[in-house]
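S.K.: Shown below is the structure under consideration.
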Amino acid sequence: MDSKVILIVDDSQALTDTLTEYLGRAGFEVRTACDGEAMWQQVRQGMPDLVILDVMLPGDDGFTLCSQLRRLSNVPIMMLTAVTEDADRIAGLEIGADDYLTKSFNPRELLARIKALLRRSRLTQQAATARRINFGPWTLDSVTRQLSRAGEVPRQLSGADYTLLGLFIRHPNELLSRDLISHEIWGRESDPFERGIDVQVSRLRQALDDKDRTLIMTVRNKGYMLATETVYEA
């Protein structure tokens with residue numbers, strides 16, 4: 001089996017050297033870039049299986065590059081941020097990042113999240129055999145990642161929104177705890193003070209016009225539930 005290719009975009013030589021060695025020992029092929037120009041040079045040679053993207057970069061910052069990448073590809077994107085405030089984390093998720101990690105991090109946690117993102121990406125590709133999934137008034141096209149409803153223009157989902165909706169669709173009418181959601185989409189348990197999951201659920205509700213929260217229900221102090229059946233079409 002071919003090694004998965006990970007592209008690390010960070011201007012810290014010490015960090016990229018450390019991660020190249022660590023992830024290389026874990027069986028990955030690691031490529032590096034110090035800025036946006038170098039990143040695009042790598043992408044032109046072939047899209048990696050996953051991108052680790054620092055927020056603070058010379059030239060175009062990580063948010064700009066993430067947004068540009070997302071318009072081009074559904075490649076899993078993990079953002080690295082040097083600050084602990086929610087602002088950077090939320091901004092990354094809103095422009096299509098799949099996960100984020102605050103420096104300084106434990107390389108073992110990074111590896112766990114990488115494996116979770118790649119697993120999700122693989123499951124998404126496999127799910128493409130069931131192209132259309134009907135739930136409530138909506139139809140999700142698992143190939144184009146578009147939501148459609150009778151009489152309306154289809155809506156494009158970001159990587160993070162699509163992943164979260166896919167989790168709900170696979171577990172209709174089941175209570176999903178915040179820890180379970182965090183583990184499935186990020187490969188870890190949730191932090192009690194972390195707003196990332198709540199932000200993603202709120203964004204997904206906006207995409208579904210679920211203002212009254214009857215499609216994705218909140219179960220107080222327990223989690224969330226997709227309150228409808230799902231029907232798969234070839």
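Here, A, B, ... name the chains of the structure tokens in the order displayed, residue numbers run from 1 inside each chain, and ligands are numbered from 1 in the same displayed order.
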Using only C-alpha atoms, find each residue in region 170-226 of chain A having at least one atom no more than 8 Å away from region 144-165 of chain A; report its shortest atom-to-atom pair and that distance in Å (one decimal), rows by chain then rising number, as JSON lines.
M.R.:
{"residue": "A:Ile181", "atom": "CA", "partner": "A:Leu164", "partner_atom": "CA", "distance": 7.9}
{"residue": "A:Ile185", "atom": "CA", "partner": "A:Thr163", "partner_atom": "CA", "distance": 7.1}
{"residue": "A:Gln200", "atom": "CA", "partner": "A:Asp161", "partner_atom": "CA", "distance": 6.7}
{"residue": "A:Val201", "atom": "CA", "partner": "A:Leu164", "partner_atom": "CA", "distance": 7.7}
{"residue": "A:Arg203", "atom": "CA", "partner": "A:Asp161", "partner_atom": "CA", "distance": 7.3}
{"residue": "A:Leu204", "atom": "CA", "partner": "A:Asp161", "partner_atom": "CA", "distance": 5.8}
{"residue": "A:Ala207", "atom": "CA", "partner": "A:Arg155", "partner_atom": "CA", "distance": 7.7}
S.K.: Set the distance at 9 Å and use only C-alpha atoms: which residues neighbour Cys66 (chain A) once local chain neighbours fewer than 2 positions away are removed? I'd like the list as a ChimeraX atom specification.
M.R.: /A:53,61-64,68-71,77,79,92,95-97
S.K.: Residues at most 12 Å from Phe105 (chain A), counting only C-alpha atoms, excluding those fewer than 2 positions away in the same chain, as a PyMOL selection string?
M.R.: chain A and resi 15+19+80-84+100-103+107-113
S.K.: Can you list every residue in region 4-150 of chain A that DSSP puts in alpha helix (DSSP H), as a PyMOL selection string?
M.R.: chain A and resi 13-25+36-45+62-72+86-94+107-127
S.K.: How about saving the chosen residues, C-alpha atoms kept, as an mmCIF file, in the first residue's frame?
M.R.:
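What ended up in part.cif:
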data_model
loop_
_atom_site.group_PDB
_atom_site.id
_atom_site.type_symbol
_atom_site.label_atom_id
_atom_site.label_comp_id
_atom_site.auth_asym_id
_atom_site.auth_seq_id
_atom_site.Cartn_x
_atom_site.Cartn_y
_atom_site.Cartn_z
ATOM 1 C CA GLN A 13 12.285 24.835 10.122
ATOM 2 C CA ALA A 14 12.605 23.250 13.558
ATOM 3 C CA LEU A 15 8.938 22.234 13.584
ATOM 4 C CA THR A 16 8.876 20.870 10.049
ATOM 5 C CA ASP A 17 12.078 18.891 10.686
ATOM 6 C CA THR A 18 10.613 17.393 13.877
ATOM 7 C CA LEU A 19 7.294 16.480 12.262
ATOM 8 C CA THR A 20 8.961 15.112 9.138
ATOM 9 C CA GLU A 21 10.983 12.713 11.254
ATOM 10 C CA TYR A 22 8.079 11.748 13.547
ATOM 11 C CA LEU A 23 5.473 11.254 10.825
ATOM 12 C CA GLY A 24 8.001 9.535 8.612
ATOM 13 C CA ARG A 25 8.544 6.932 11.318
ATOM 14 C CA GLY A 36 2.038 29.884 0.162
ATOM 15 C CA GLU A 37 4.192 30.031 -2.954
ATOM 16 C CA ALA A 38 6.072 26.900 -1.912
ATOM 17 C CA MET A 39 2.778 25.215 -1.001
ATOM 18 C CA TRP A 40 1.344 25.760 -4.479
ATOM 19 C CA GLN A 41 4.536 24.414 -6.021
ATOM 20 C CA GLN A 42 4.007 21.218 -4.029
ATOM 21 C CA VAL A 43 0.306 21.042 -4.939
ATOM 22 C CA ARG A 44 1.088 21.392 -8.642
ATOM 23 C CA GLN A 45 3.275 18.302 -8.341
ATOM 24 C CA GLY A 62 -3.100 30.233 6.594
ATOM 25 C CA PHE A 63 -6.731 31.367 6.451
ATOM 26 C CA THR A 64 -6.281 32.690 2.911
ATOM 27 C CA LEU A 65 -4.493 29.548 1.766
ATOM 28 C CA CYS A 66 -7.103 27.299 3.412
ATOM 29 C CA SER A 67 -9.915 29.107 1.630
ATOM 30 C CA GLN A 68 -8.107 28.844 -1.713
ATOM 31 C CA LEU A 69 -7.354 25.157 -1.202
ATOM 32 C CA ARG A 70 -10.934 24.391 -0.237
ATOM 33 C CA ARG A 71 -12.222 25.908 -3.479
ATOM 34 C CA LEU A 72 -9.852 23.615 -5.361
ATOM 35 C CA ASP A 86 -11.517 30.576 19.998
ATOM 36 C CA ALA A 87 -11.359 33.235 17.267
ATOM 37 C CA ASP A 88 -8.659 31.543 15.177
ATOM 38 C CA ARG A 89 -10.192 28.114 15.669
ATOM 39 C CA ILE A 90 -13.667 29.237 14.659
ATOM 40 C CA ALA A 91 -12.346 31.207 11.685
ATOM 41 C CA GLY A 92 -10.539 28.131 10.393
ATOM 42 C CA LEU A 93 -13.624 25.938 10.659
ATOM 43 C CA GLU A 94 -15.782 28.559 8.957
ATOM 44 C CA PRO A 107 3.055 14.785 18.358
ATOM 45 C CA ARG A 108 1.042 11.739 19.439
ATOM 46 C CA GLU A 109 -2.113 13.852 19.476
ATOM 47 C CA LEU A 110 -1.260 15.212 16.026
ATOM 48 C CA LEU A 111 -0.791 11.663 14.736
ATOM 49 C CA ALA A 112 -4.132 10.568 16.202
ATOM 50 C CA ARG A 113 -5.919 13.469 14.534
ATOM 51 C CA ILE A 114 -4.213 12.818 11.208
ATOM 52 C CA LYS A 115 -5.370 9.207 11.291
ATOM 53 C CA ALA A 116 -8.916 10.323 12.188
ATOM 54 C CA LEU A 117 -9.022 12.800 9.285
ATOM 55 C CA LEU A 118 -7.685 10.248 6.802
ATOM 56 C CA ARG A 119 -10.176 7.654 8.061
ATOM 57 C CA ARG A 120 -13.024 10.114 7.581
ATOM 58 C CA SER A 121 -11.756 10.943 4.093
ATOM 59 C CA ARG A 122 -11.666 7.258 3.187
ATOM 60 C CA LEU A 123 -15.189 6.675 4.501
ATOM 61 C CA THR A 124 -16.405 9.689 2.535
ATOM 62 C CA GLN A 125 -14.978 8.252 -0.657
ATOM 63 C CA GLN A 126 -16.585 4.890 0.034
ATOM 64 C CA ALA A 127 -19.930 6.533 0.752
#
S.K.: Tell me which of A:Val143, A:Leu226, A:Met217, A:Leu208 sits closest to Arg170 (chain A), counting only C-alpha atoms.
M.R.: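 Residue with the minimum atom-to-atom distance to Arg170 (chain A): A:Leu226.
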S.K.: Within 6 Å of Thr32 (chain A), counting only C-alpha atoms, which residues qualify if same-chain residues fewer than 6 places away don't, as a PyMOL selection string?
M.R.: chain A and resi 7-9
S.K.: Just the number, please: distance in Å from CA of Asp99 (chain A) to CA of Arg178 (chain A), one decimal.
M.R.: 15.2 Å
